[in-house]
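S.K.: Contents of data.cif (mmCIF, C-alpha atoms):
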data_data
#
loop_
_atom_site.label_atom_id
_atom_site.label_comp_id
_atom_site.auth_asym_id
_atom_site.auth_seq_id
_atom_site.Cartn_x
_atom_site.Cartn_y
_atom_site.Cartn_z
CA MET A 924 -26.29 41.75 17.35
CA ASP A 925 -24.82 40.89 14.00
CA ASN A 926 -21.50 42.33 15.08
CA LEU A 927 -21.56 40.20 18.22
CA ALA A 928 -22.23 37.04 16.23
CA LYS A 929 -19.49 38.02 13.80
CA ASN A 930 -17.06 38.61 16.67
CA ILE A 931 -17.89 35.26 18.26
CA SER A 932 -17.46 33.41 15.00
CA GLU A 933 -14.21 35.26 14.27
CA SER A 934 -12.78 34.49 17.68
CA GLY A 935 -13.91 30.87 17.24
CA THR A 936 -12.07 30.61 13.94
CA ARG A 937 -9.03 32.24 15.48
CA SER A 938 -8.99 29.89 18.46
CA GLN A 939 -9.48 26.99 16.06
CA LYS A 940 -6.55 28.25 14.01
CA THR A 941 -4.31 28.63 17.06
CA TYR A 942 -5.37 25.18 18.28
CA TRP A 943 -4.14 23.56 15.04
CA ALA A 944 -1.03 25.75 15.05
CA ASP A 945 -0.32 24.64 18.64
CA HIS A 946 -0.69 20.97 17.73
CA PRO A 947 1.35 20.49 14.55
CA LEU A 948 1.77 16.78 15.24
CA LEU A 949 -1.96 16.17 15.53
CA THR A 950 -2.56 18.24 12.40
CA GLU A 951 0.02 16.26 10.46
CA PHE A 952 -1.47 13.00 11.69
CA LEU A 953 -5.04 13.93 10.79
CA ARG A 954 -4.26 15.59 7.46
CA GLU A 955 -1.62 13.24 6.09
CA GLN A 956 -1.07 10.00 7.97
CA LEU A 957 -4.64 9.06 8.86
CA PRO A 958 -5.98 9.44 5.28
CA ILE A 959 -3.04 7.43 3.87
CA THR A 960 -3.28 4.59 6.41
CA ALA A 961 -7.10 4.48 6.17
CA ALA A 962 -6.95 4.39 2.35
CA VAL A 963 -4.40 1.53 2.40
CA PHE A 964 -6.49 -0.40 4.95
CA ILE A 965 -9.67 -0.01 2.87
CA ALA A 966 -7.69 -1.01 -0.23
CA GLY A 967 -6.66 -4.15 1.69
CA ILE A 968 -10.29 -5.05 2.43
CA ILE A 969 -11.31 -4.46 -1.19
CA ALA A 970 -8.31 -6.44 -2.49
CA SER A 971 -9.20 -9.36 -0.20
CA HIS A 972 -12.73 -9.51 -1.60
CA LEU A 973 -11.49 -9.22 -5.19
CA GLN A 974 -8.66 -11.76 -4.88
CA HIS A 975 -10.08 -14.27 -2.40
CA GLY A 976 -13.79 -13.60 -2.66
CA TYR A 977 -14.05 -12.95 1.10
CA LEU A 978 -12.33 -11.01 3.87
CA ALA A 979 -9.32 -13.15 4.77
CA GLY A 980 -7.97 -13.18 8.31
CA GLY A 981 -7.84 -15.48 11.32
CA GLY A 982 -10.91 -17.46 10.20
CA LEU A 983 -10.50 -17.67 6.44
CA PRO A 984 -7.09 -18.07 4.80
CA PHE A 985 -5.21 -15.66 2.56
CA SER A 986 -5.35 -17.95 -0.47
CA ILE A 987 -2.01 -17.02 -2.12
CA ALA A 988 -0.19 -17.02 1.20
CA GLY A 989 -2.02 -20.18 2.23
CA VAL A 990 -2.18 -19.08 5.86
CA LYS A 991 -4.77 -17.90 8.35
CA VAL A 992 -3.56 -14.81 10.16
CA PRO A 993 -5.76 -12.29 11.99
CA ILE A 994 -5.71 -8.88 10.32
CA TRP A 995 -4.55 -7.25 13.58
CA HIS A 996 -1.43 -9.43 13.46
CA LEU A 997 -0.56 -8.17 9.96
CA LEU A 998 -1.13 -4.57 11.05
CA TRP A 999 1.03 -5.20 14.11
CA MET A 1000 3.78 -6.85 12.07
CA GLY A 1001 3.78 -3.85 9.72
CA PHE A 1002 3.83 -1.45 12.64
CA TRP A 1003 6.72 -2.94 14.58
CA THR A 1004 8.89 -3.73 11.56
CA GLY A 1005 8.17 -0.30 10.04
CA TYR A 1006 8.86 1.42 13.34
CA THR A 1007 12.11 -0.33 14.26
CA MET A 1008 13.57 -0.28 10.78
CA ALA A 1009 12.73 3.39 10.23
CA LEU A 1010 14.48 4.13 13.52
CA VAL A 1011 17.72 2.68 12.22
CA GLY A 1012 17.19 4.24 8.79
CA GLU A 1013 16.12 1.35 6.63
CA ALA A 1014 12.83 0.12 5.17
CA SER A 1015 10.84 -2.64 6.80
CA GLY A 1016 11.10 -5.36 4.12
CA ILE A 1017 14.22 -7.06 5.44
CA PHE A 1018 12.48 -7.61 8.81
CA SER A 1019 8.94 -8.35 7.70
CA LEU A 1020 10.05 -10.92 5.11
CA PRO A 1021 11.67 -13.39 7.59
CA TYR A 1022 8.79 -12.75 10.03
CA SER A 1023 6.25 -13.58 7.28
CA MET A 1024 8.12 -16.78 6.45
CA SER A 1025 9.13 -18.13 9.85
CA ILE A 1026 6.36 -16.87 12.11
CA LEU A 1027 3.37 -16.53 9.77
CA GLN A 1028 4.46 -19.53 7.62
CA PHE A 1029 4.05 -17.68 4.31
CA THR A 1030 6.81 -19.59 2.51
CA SER A 1031 5.55 -19.76 -1.07
CA LEU A 1032 6.95 -17.73 -3.96
CA GLY A 1033 4.29 -15.07 -3.42
CA VAL A 1034 5.97 -13.82 -0.25
CA SER A 1035 8.52 -11.79 -2.26
CA PRO A 1036 6.07 -9.75 -4.39
CA THR A 1037 3.78 -9.42 -1.36
CA SER A 1038 6.65 -7.91 0.59
CA LEU A 1039 7.31 -5.51 -2.31
CA ILE A 1040 3.79 -4.08 -1.85
CA THR A 1041 4.84 -3.03 1.66
CA THR A 1042 8.21 -1.66 0.59
CA PHE A 1043 6.49 0.30 -2.20
CA LEU A 1044 3.88 1.93 0.04
CA ASN A 1045 5.88 2.27 3.24
CA PRO A 1046 8.07 5.24 2.19
CA PHE A 1047 5.16 7.47 1.09
CA GLY A 1048 4.47 8.79 4.58
CA ALA A 1049 8.13 9.68 5.01
CA LEU A 1050 8.29 11.07 1.46
CA LEU A 1051 5.81 13.82 2.33
CA GLY A 1052 7.89 14.86 5.32
CA PHE A 1053 11.18 14.87 3.42
CA TYR A 1054 9.65 16.76 0.51
CA ARG A 1055 8.40 19.42 2.92
CA ASN A 1056 11.85 19.66 4.56
CA ARG A 1057 13.37 19.98 1.07
CA GLN A 1058 15.42 16.81 1.67
CA TRP A 1059 14.69 16.15 -1.94
CA ASN A 1060 16.76 16.04 -5.11
CA LEU A 1061 15.70 13.99 -8.10
CA ASP A 1062 19.01 14.51 -9.92
CA LEU A 1063 20.76 12.69 -7.08
CA ALA A 1064 18.20 9.87 -7.19
CA MET A 1065 17.96 9.62 -10.98
CA GLY A 1066 21.04 7.42 -11.66
CA LEU A 1067 20.06 4.96 -8.94
CA CYS A 1068 16.44 4.88 -10.11
CA VAL A 1069 17.49 4.16 -13.71
CA GLY A 1070 19.60 1.27 -12.38
CA ALA A 1071 16.61 0.04 -10.36
CA VAL A 1072 14.35 0.10 -13.43
CA LEU A 1073 16.91 -1.95 -15.36
CA GLY A 1074 17.78 -4.38 -12.56
CA SER A 1075 14.59 -5.07 -10.67
CA PRO A 1076 12.72 -6.83 -13.50
CA ILE A 1077 15.58 -9.39 -13.60
CA GLY A 1078 15.54 -10.32 -9.90
CA PRO A 1079 12.12 -12.02 -9.99
CA PHE A 1080 13.40 -14.46 -12.65
CA ILE A 1081 16.28 -15.47 -10.36
CA ARG A 1082 13.74 -16.00 -7.57
CA VAL A 1083 11.44 -18.13 -9.78
CA TYR A 1084 14.16 -20.26 -11.43
CA TYR A 1085 16.88 -20.59 -8.76
CA LEU A 1086 15.39 -19.65 -5.39
CA ASP A 1087 11.99 -21.28 -5.66
CA ASP A 1088 12.66 -23.61 -2.72
CA PRO A 1089 12.28 -21.85 0.68
CA LYS A 1090 15.47 -23.40 2.06
CA PRO A 1091 18.09 -21.80 -0.24
CA PHE A 1092 15.95 -18.66 -0.33
CA LYS A 1093 16.09 -18.43 3.46
CA ALA A 1094 19.85 -19.02 3.34
CA ILE A 1095 20.22 -15.98 1.05
CA ILE A 1096 17.94 -13.93 3.31
CA GLY A 1097 20.08 -15.16 6.22
CA THR A 1098 23.22 -13.86 4.52
CA ALA A 1099 21.54 -10.48 3.94
CA LEU A 1100 20.42 -10.36 7.57
CA PHE A 1101 23.89 -11.23 8.76
CA LEU A 1102 25.48 -8.49 6.65
CA MET A 1103 22.92 -6.04 7.95
CA SER A 1104 23.64 -7.03 11.54
CA VAL A 1105 27.35 -6.44 10.99
CA HIS A 1106 26.57 -2.96 9.68
CA LEU A 1107 24.21 -2.23 12.59
CA ILE A 1108 26.78 -3.27 15.18
CA LEU A 1109 29.65 -1.54 13.37
CA GLN A 1110 27.77 1.76 13.33
CA VAL A 1111 28.31 2.34 17.04
CA THR A 1112 32.00 1.40 17.12
CA PRO A 1113 34.61 4.18 17.45
CA TRP A 1114 36.31 2.91 14.26
CA TYR A 1115 33.18 3.49 12.19
CA LEU A 1116 32.47 6.83 13.83
CA ARG A 1117 35.99 7.97 12.99
CA ARG A 1118 35.57 6.87 9.39
CA THR A 1119 32.34 8.75 9.06
CA ALA A 1120 33.64 12.03 10.45
CA ARG A 1121 31.71 13.97 7.83
CA GLN A 1122 28.40 12.59 9.08
CA ARG A 1123 29.40 13.35 12.66
CA ALA A 1124 30.16 16.97 11.80
CA PHE A 1125 26.79 17.18 10.07
CA LYS A 1126 25.06 15.61 13.10
CA GLU A 1127 26.72 18.07 15.48
CA LYS A 1128 25.53 21.00 13.36
CA PHE A 1129 22.08 19.39 13.26
CA ASP A 1130 21.93 18.89 17.05
CA GLN A 1131 23.06 22.47 17.63
CA ILE A 1132 20.15 23.80 15.57
CA ILE A 1133 17.71 21.56 17.48
CA LYS A 1134 18.97 23.01 20.77
CA GLU A 1135 18.65 26.58 19.52
CA ARG A 1136 15.15 26.00 18.17
CA LEU A 1137 14.04 24.35 21.42
CA LYS A 1138 15.42 27.29 23.41
CA ALA A 1139 13.50 29.69 21.17
CA GLY A 1140 10.33 27.69 21.84
CA LYS A 1141 10.04 26.42 18.26
CA ALA A 1142 9.30 22.90 17.04
CA PRO A 1143 12.54 20.91 17.22
CA SER A 1144 13.95 20.32 13.77
CA GLY A 1145 17.65 20.02 13.11
CA LEU A 1146 17.62 21.38 9.60
CA PRO A 1147 17.80 25.13 9.01
CA ASP A 1148 14.77 26.79 7.43
CA ASP A 1149 16.66 27.42 4.22
CA PHE A 1150 17.94 23.82 3.92
CA LYS A 1151 17.90 22.55 0.36
CA ILE A 1152 19.72 19.91 -1.65
CA ILE A 1153 20.52 21.76 -4.85
CA THR A 1154 21.93 20.54 -8.15
CA LEU A 1155 25.06 22.53 -8.99
CA GLU A 1156 26.01 20.73 -12.16
CA LYS A 1157 24.39 18.03 -14.21
CA SER A 1158 25.60 16.10 -17.24
CA ILE A 1159 25.21 12.59 -18.62
CA THR A 1160 28.28 11.41 -16.66
CA LYS A 1161 28.36 13.58 -13.54
CA VAL A 1162 25.99 15.14 -11.03
CA THR A 1163 27.18 17.64 -8.44
CA ILE A 1164 24.90 18.47 -5.54
CA GLY A 1165 25.23 20.99 -2.75
CA TYR A 1166 23.71 21.02 0.74
CA TRP A 1167 24.44 23.14 3.76
CA GLY A 1168 27.74 24.48 2.44
CA GLU A 1169 29.04 21.12 1.22
CA THR A 1170 29.32 19.81 -2.33
CA ARG A 1171 29.50 16.22 -3.53
CA THR A 1172 30.04 14.90 -7.05
CA PHE A 1173 28.65 11.58 -8.24
CA ASN A 1174 29.60 9.56 -11.27
CA VAL A 1175 26.28 8.76 -12.97
CA PRO A 1176 27.29 5.43 -14.63
CA VAL A 1177 28.56 4.22 -11.22
CA MET A 1178 25.23 5.20 -9.62
CA VAL A 1179 23.34 3.35 -12.38
CA LEU A 1180 25.51 0.27 -11.81
CA ILE A 1181 24.92 0.38 -8.03
CA GLY A 1182 21.18 0.81 -8.60
CA PHE A 1183 21.23 -2.09 -11.06
CA ILE A 1184 23.04 -4.54 -8.73
CA VAL A 1185 20.96 -3.60 -5.68
CA GLY A 1186 17.86 -3.75 -7.91
CA VAL A 1187 18.57 -7.33 -9.03
CA VAL A 1188 19.33 -8.60 -5.51
CA ALA A 1189 16.55 -6.74 -3.70
CA SER A 1190 13.80 -7.66 -6.15
CA ALA A 1191 14.92 -11.31 -6.16
CA LEU A 1192 14.48 -11.34 -2.39
CA GLY A 1193 11.43 -9.07 -2.25
CA VAL A 1194 12.89 -6.22 -0.20
CA GLY A 1195 13.34 -2.52 -0.89
CA GLY A 1196 17.13 -2.58 -1.08
CA GLY A 1197 17.68 0.05 1.61
CA PHE A 1198 19.71 -2.45 3.63
CA MET A 1199 22.33 -2.53 0.84
CA LEU A 1200 22.06 0.99 -0.50
CA VAL A 1201 22.28 2.85 2.83
CA PRO A 1202 25.65 1.31 3.86
CA ILE A 1203 27.03 1.90 0.34
CA LEU A 1204 26.02 5.57 0.28
CA VAL A 1205 27.22 6.17 3.84
CA THR A 1206 30.53 4.31 3.62
CA PHE A 1207 31.68 5.05 0.07
CA PHE A 1208 30.05 8.41 -0.62
CA GLY A 1209 30.02 9.87 2.90
CA LEU A 1210 26.45 11.11 2.63
CA PRO A 1211 24.76 12.05 5.91
CA MET A 1212 21.47 10.33 6.74
CA TYR A 1213 19.45 13.52 6.23
CA VAL A 1214 20.69 13.83 2.65
CA LEU A 1215 20.82 10.23 1.51
CA VAL A 1216 17.07 9.76 2.09
CA ALA A 1217 16.63 12.03 -0.95
CA ALA A 1218 18.16 9.21 -3.00
CA THR A 1219 17.06 6.08 -1.14
CA ILE A 1220 13.35 6.82 -0.82
CA PRO A 1221 12.66 7.39 -4.55
CA PHE A 1222 14.96 4.42 -5.26
CA VAL A 1223 13.02 2.05 -2.98
CA ILE A 1224 9.68 3.20 -4.46
CA VAL A 1225 10.86 2.73 -8.07
CA LEU A 1226 12.54 -0.62 -7.32
CA SER A 1227 9.47 -2.00 -5.53
CA LEU A 1228 7.12 -0.89 -8.28
CA THR A 1229 9.14 -2.33 -11.18
CA GLY A 1230 9.91 -5.49 -9.17
CA LEU A 1231 6.23 -5.94 -8.37
CA PHE A 1232 5.30 -5.41 -12.03
CA SER A 1233 7.86 -8.02 -13.05
CA TYR A 1234 6.50 -10.58 -10.55
CA ALA A 1235 2.86 -9.94 -11.39
CA VAL A 1236 3.07 -9.46 -15.18
CA ILE A 1237 6.46 -10.14 -16.85
CA VAL A 1238 7.35 -13.40 -15.05
CA PRO A 1239 3.97 -15.13 -15.66
CA TRP A 1240 3.95 -13.85 -19.26
CA LEU A 1241 7.45 -15.06 -20.19
CA SER A 1242 7.87 -18.14 -18.01
CA GLY A 1243 4.32 -19.21 -17.18
CA ALA A 1244 5.28 -19.38 -13.47
CA MET A 1245 2.70 -18.01 -11.04
CA ALA A 1246 4.29 -15.42 -8.79
CA ALA A 1247 1.34 -13.19 -7.96
CA PRO A 1248 1.40 -11.27 -4.69
CA ASP A 1249 -1.24 -11.67 -1.98
CA TRP A 1250 -2.49 -8.09 -2.37
CA SER A 1251 -4.57 -7.84 0.80
CA PHE A 1252 -1.83 -9.43 2.96
CA GLY A 1253 0.68 -6.87 1.62
CA LEU A 1254 -1.70 -3.93 1.95
CA PHE A 1255 -2.57 -4.71 5.59
CA VAL A 1256 1.13 -4.96 6.46
CA ALA A 1257 1.80 -1.71 4.58
CA CYS A 1258 -0.96 0.04 6.52
CA GLY A 1259 0.77 -0.76 9.83
CA ALA A 1260 4.21 -0.03 8.39
CA ILE A 1261 3.28 3.47 7.18
CA PHE A 1262 2.02 4.38 10.65
CA GLY A 1263 5.03 2.77 12.36
CA ALA A 1264 7.51 4.62 10.15
CA TRP A 1265 5.75 7.92 10.88
CA ILE A 1266 5.90 7.33 14.65
CA ALA A 1267 9.59 6.48 14.24
CA SER A 1268 10.31 9.68 12.30
CA LYS A 1269 8.72 11.72 15.08
CA THR A 1270 10.40 9.94 18.01
CA GLN A 1271 13.79 9.10 16.50
CA ARG A 1272 15.69 11.88 18.27
CA PHE A 1273 14.65 10.57 21.71
CA ILE A 1274 15.80 7.00 21.10
CA PRO A 1275 19.17 5.80 22.41
CA GLU A 1276 20.77 4.68 19.13
CA LYS A 1277 23.84 3.27 20.85
CA LEU A 1278 21.71 0.67 22.62
CA LEU A 1279 19.14 -0.03 19.94
CA LYS A 1280 21.45 -0.63 17.00
CA PRO A 1281 23.62 -3.33 18.62
CA MET A 1282 20.51 -4.97 20.07
CA LEU A 1283 18.79 -5.15 16.67
CA GLY A 1284 22.12 -6.22 15.22
CA VAL A 1285 22.32 -9.19 17.59
CA VAL A 1286 18.71 -10.24 16.89
CA THR A 1287 19.18 -10.08 13.10
CA ALA A 1288 22.53 -11.89 13.38
CA ILE A 1289 20.91 -14.78 15.30
CA VAL A 1290 18.08 -15.14 12.75
CA GLY A 1291 20.52 -14.80 9.83
CA VAL A 1292 22.92 -17.42 11.21
CA LEU A 1293 20.05 -19.85 11.95
CA TYR A 1294 18.82 -19.51 8.33
CA MET A 1295 22.31 -20.13 7.01
CA ILE A 1296 23.00 -23.11 9.29
CA ASN A 1297 19.64 -24.67 8.39
CA TYR A 1298 20.69 -24.75 4.74
CA PHE A 1299 23.68 -26.99 5.50
CA TRP A 1300 22.38 -28.91 8.52
CA GLN A 1301 18.71 -29.45 9.29
CA LEU A 1302 18.03 -27.77 12.64
CA PRO A 1303 15.96 -29.73 15.22
CA PHE A 1304 13.35 -26.94 15.14
CA LYS A 1305 11.59 -25.10 12.34
CA VAL A 1306 13.04 -21.81 11.10
CA MET B 797 -0.59 18.90 30.12
CA GLY B 798 3.02 19.73 30.88
CA LYS B 799 3.33 16.81 33.29
CA ILE B 800 1.87 14.30 30.84
CA ARG B 801 4.24 15.57 28.16
CA GLU B 802 7.17 15.26 30.53
CA LYS B 803 6.24 11.68 31.44
CA ALA B 804 5.74 10.78 27.79
CA LEU B 805 9.18 12.16 26.91
CA LYS B 806 10.73 10.12 29.72
CA PHE B 807 9.00 6.99 28.44
CA LEU B 808 9.95 7.46 24.76
CA PRO B 809 13.53 6.06 24.93
CA SER B 810 12.18 2.71 26.14
CA LEU B 811 9.42 2.54 23.50
CA PRO B 812 11.36 0.54 20.86
CA PHE B 813 12.41 -2.01 23.46
CA LEU B 814 8.83 -2.38 24.68
CA ILE B 815 7.62 -2.79 21.08
CA LEU B 816 10.27 -5.43 20.38
CA ALA B 817 9.33 -7.31 23.56
CA ILE B 818 5.63 -7.32 22.59
CA ALA B 819 6.57 -8.41 19.04
CA PHE B 820 8.51 -11.33 20.51
CA LEU B 821 5.59 -12.39 22.74
CA VAL B 822 3.06 -12.11 19.88
CA ALA B 823 5.36 -14.19 17.66
CA VAL B 824 5.74 -16.90 20.31
CA TYR B 825 1.96 -16.93 20.85
CA HIS B 826 1.37 -17.31 17.12
CA ILE B 827 3.79 -20.18 16.57
CA ARG B 828 2.71 -22.15 19.65
CA TYR B 829 0.99 -24.80 17.48
CA TYR B 830 3.48 -25.59 14.78
CA TRP B 831 6.87 -25.35 16.42
#
Could you render the structure as structure tokens?
M.R.:
Amino acid sequence: MDNLAKNISESGTRSQKTYWADHPLLTEFLREQLPITAAVFIAGIIASHLQHGYLAGGGLPFSIAGVKVPIWHLLWMGFWTGYTMALVGEASGIFSLPYSMSILQFTSLGVSPTSLITTFLNPFGALLGFYRNRQWNLDLAMGLCVGAVLGSPIGPFIRVYYLDDPKPFKAIIGTALFLMSVHLILQVTPWYLRRTARQRAFKEKFDQIIKERLKAGKAPSGLPDDFKIITLEKSITKVTIGYWGETRTFNVPVMVLIGFIVGVVASALGVGGGFMLVPILVTFFGLPMYVLVAATIPFVIVLSLTGLFSYAVIVPWLSGAMAAPDWSFGLFVACGAIFGAWIASKTQRFIPEKLLKPMLGVVTAIVGVLYMINYFWQLPFKV
Amino acid sequence: MGKIREKALKFLPSLPFLILAIAFLVAVYHIRYYW
């Protein structure tokens, strides 16, 4: 009898084990994504009670933002901006910021640090996945991160002293959007594809592995099991990394300088800086997407954190200006964005890039141009 | 299960466009008062 019970329980455990092994996506969602998104959502509720004294939403306003927005709308905004931007390989800040200002009417200074809460939390879901895939190298990210730590505390002062008024601020955001749209549209042109031959070769290798794994009945991943970004040489001036048979050398002071400049600009706006850093790393350093995330994700996290600290602590301390973020607003958006970015990472290989990138490019170009025009000539409608 | 999976895979390429369309409609609905 005991043996029978033991057998039943053993077979139950085995079938349970095979069930989870057969559903890796569900396992990943339940073990990693659900706890993260739930924790951020609960943090949002707690933050709302601590900062506003009540649960803000459609009925009661977010007091720093000065707007009434239903919580589902913030989750939705996070989701769609996180999803679409992760699909094209950038963080969600550059999309959610104009949406917060023009659609949700959050135009005060607090919109920038609030957006940094999202850009800080958004990459964590992806970080787990990249760490597991060994798309990870802190030596590559270090120079950029040092630059971010030096630059991002400065940006908030520019925002407080020179870009306090929404109009010039939107004009700058418009310029950033326009530049991003040019990059998005350029990416699908033959000229760009020719220039980035190295990435194409990498992508072909990647696609080949996906095909082979699918044929063998394995989960489709384009990176070989032994993929690793390794540090071959490291000194104060140079870092050499190797991945998949290729080596690349980076000048550390140049990386620090790039991190510094992107850090100043991105923290002044309240975005993660991916929209500037990704084109730089792709165009000038020829890094493929699957490798550059090892640098951009830690960079965006560090930049957002130091930028947020500067807005919340350093700026009020040194200048007396109030630039606190609306914590709950940012946390609710981040909750949606984390989930959206995860969905994007899982569905990216099924999405027709050639159609999506120009389409997003056109949308961002229109918004960017409207923001810029409105600075010089008042448009007959609100932007 | 196989059929559902097949249909889902066929639907996936249009997902970002559907999401963008819903985002546009939600945005228009939200700004109906102050534009």
S.K.: Given a cut-off of 10 Å, which residues of chain A touch chain B, counting all atoms listed in the file, written out as a ChimeraX atom specification?
M.R.: /A:992,996,999-1000,1002-1004,1006-1007,1010,1022,1025-1028,1267,1270-1276,1278-1279,1282-1283,1304-1306
S.K.: Kindly resolve the PyMOL selection byres ((chain A and resi 985) around 12) on the present coordinates and return the residues as a PyMOL selection string.
M.R.: chain A and resi 967-968+970-984+986-994+997+1027-1029+1033-1034+1037+1248-1253+1255
S.K.: Which residue is closest to Val1256 in chain A? Choose from A:Phe1222, A:Tyr1298, A:Phe1043, A:Phe1208 and count all atoms listed in the file.
M.R.: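 Using all atoms listed in the file, Val1256 in chain A sits closest to A:Phe1043.
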S.K.: Quote the spacing between CA of Ser1015 in chain A and CA of Gly1186 in chain A in Å to one decimal place.
M.R.: 16.3 Å
S.K.: Name every residue that the PyMOL selection byres ((chain A and resi 1164-1181) around 7) selects in this structure, writing the answer as a PyMOL selection string with chains first and numbers rising.
M.R.: chain A and resi 1066-1067+1069-1070+1150-1155+1159-1163+1182-1185
S.K.: Please measure the separation of CA of Phe1125 in chain A and CA of Lys1157 in chain A, giving the value in Å to one decimal.
M.R.: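 Answer for the CA of Phe1125 in chain A to CA of Lys1157 in chain A separation: 24.4 Å.
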S.K.: Please indicate the distance in Å from CA of Arg954 in chain A to CA of Val1194 in chain A, rounded to one decimal place.
M.R.: 28.8 Å
S.K.: Could you pull the residues within 9 Å of Trp1059 in chain A, counting only C-alpha atoms, minus those fewer than 5 positions along the same chain, as an NGL selection string?
M.R.: :A and (1050 or 1053-1054 or 1064 or 1151-1153 or 1214 or 1216-1218)
S.K.: Please identify all polymer residues within 10 Å of Ser1035 in chain A, counting all atoms listed in the file, omitting same-chain residues fewer than 5 positions from it, and present them as an MDAnalysis selection string.
M.R.: chainID A and resid 1016 1020 1023 1029:1030 1040 1079 1082 1189:1194 1230:1231 1234 1246:1249
S.K.: Could you write out as a ChimeraX atom specification the residues that the PyMOL selection byres ((chain A and resi 1264) around 12) matches in the shown file?
M.R.: /A:956,960,1001-1015,1041-1042,1044-1050,1052,1257-1263,1265-1271
S.K.: N, CA and C atoms are what I want for range 1035-1050 of chain A; can you complete it accordingly and write them as a PDB file, in the coordinates of the input?
M.R.:
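What landed in rebuild31.pdb:
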ATOM      1  N   SER A1035       7.628 -12.872  -1.784  1.00  0.00           N
ATOM      2  CA  SER A1035       8.520 -11.790  -2.260  1.00  0.00           C
ATOM      3  C   SER A1035       7.736 -10.619  -2.868  1.00  0.00           C
ATOM      4  N   PRO A1036       6.845 -10.893  -3.872  1.00  0.00           N
ATOM      5  CA  PRO A1036       6.070  -9.750  -4.390  1.00  0.00           C
ATOM      6  C   PRO A1036       5.162  -9.118  -3.332  1.00  0.00           C
ATOM      7  N   THR A1037       4.642  -9.958  -2.413  1.00  0.00           N
ATOM      8  CA  THR A1037       3.780  -9.420  -1.360  1.00  0.00           C
ATOM      9  C   THR A1037       4.561  -8.429  -0.498  1.00  0.00           C
ATOM     10  N   SER A1038       5.811  -8.788  -0.203  1.00  0.00           N
ATOM     11  CA  SER A1038       6.650  -7.910   0.590  1.00  0.00           C
ATOM     12  C   SER A1038       6.961  -6.611  -0.167  1.00  0.00           C
ATOM     13  N   LEU A1039       7.038  -6.722  -1.504  1.00  0.00           N
ATOM     14  CA  LEU A1039       7.310  -5.510  -2.310  1.00  0.00           C
ATOM     15  C   LEU A1039       6.160  -4.508  -2.249  1.00  0.00           C
ATOM     16  N   ILE A1040       4.929  -5.002  -2.002  1.00  0.00           N
ATOM     17  CA  ILE A1040       3.790  -4.080  -1.850  1.00  0.00           C
ATOM     18  C   ILE A1040       4.057  -3.178  -0.643  1.00  0.00           C
ATOM     19  N   THR A1041       4.537  -3.795   0.443  1.00  0.00           N
ATOM     20  CA  THR A1041       4.840  -3.030   1.660  1.00  0.00           C
ATOM     21  C   THR A1041       5.987  -2.056   1.409  1.00  0.00           C
ATOM     22  N   THR A1042       7.053  -2.547   0.771  1.00  0.00           N
ATOM     23  CA  THR A1042       8.210  -1.660   0.590  1.00  0.00           C
ATOM     24  C   THR A1042       7.882  -0.528  -0.394  1.00  0.00           C
ATOM     25  N   PHE A1043       6.902  -0.754  -1.268  1.00  0.00           N
ATOM     26  CA  PHE A1043       6.490   0.300  -2.200  1.00  0.00           C
ATOM     27  C   PHE A1043       5.696   1.390  -1.466  1.00  0.00           C
ATOM     28  N   LEU A1044       4.762   0.954  -0.611  1.00  0.00           N
ATOM     29  CA  LEU A1044       3.880   1.930   0.040  1.00  0.00           C
ATOM     30  C   LEU A1044       4.490   2.572   1.285  1.00  0.00           C
ATOM     31  N   ASN A1045       5.320   1.801   1.971  1.00  0.00           N
ATOM     32  CA  ASN A1045       5.880   2.270   3.240  1.00  0.00           C
ATOM     33  C   ASN A1045       6.546   3.647   3.179  1.00  0.00           C
ATOM     34  N   PRO A1046       7.354   3.948   2.151  1.00  0.00           N
ATOM     35  CA  PRO A1046       8.070   5.240   2.190  1.00  0.00           C
ATOM     36  C   PRO A1046       7.204   6.462   1.913  1.00  0.00           C
ATOM     37  N   PHE A1047       5.942   6.300   1.482  1.00  0.00           N
ATOM     38  CA  PHE A1047       5.160   7.470   1.090  1.00  0.00           C
ATOM     39  C   PHE A1047       4.917   8.465   2.218  1.00  0.00           C
ATOM     40  N   GLY A1048       4.674   7.915   3.430  1.00  0.00           N
ATOM     41  CA  GLY A1048       4.470   8.790   4.580  1.00  0.00           C
ATOM     42  C   GLY A1048       5.703   9.646   4.833  1.00  0.00           C
ATOM     43  N   ALA A1049       6.867   8.976   4.776  1.00  0.00           N
ATOM     44  CA  ALA A1049       8.130   9.680   5.010  1.00  0.00           C
ATOM     45  C   ALA A1049       8.423  10.653   3.869  1.00  0.00           C
ATOM     46  N   LEU A1050       8.030  10.257   2.647  1.00  0.00           N
ATOM     47  CA  LEU A1050       8.290  11.070   1.460  1.00  0.00           C
ATOM     48  C   LEU A1050       7.694  12.466   1.617  1.00  0.00           C
TER      49      LEU A1050
END
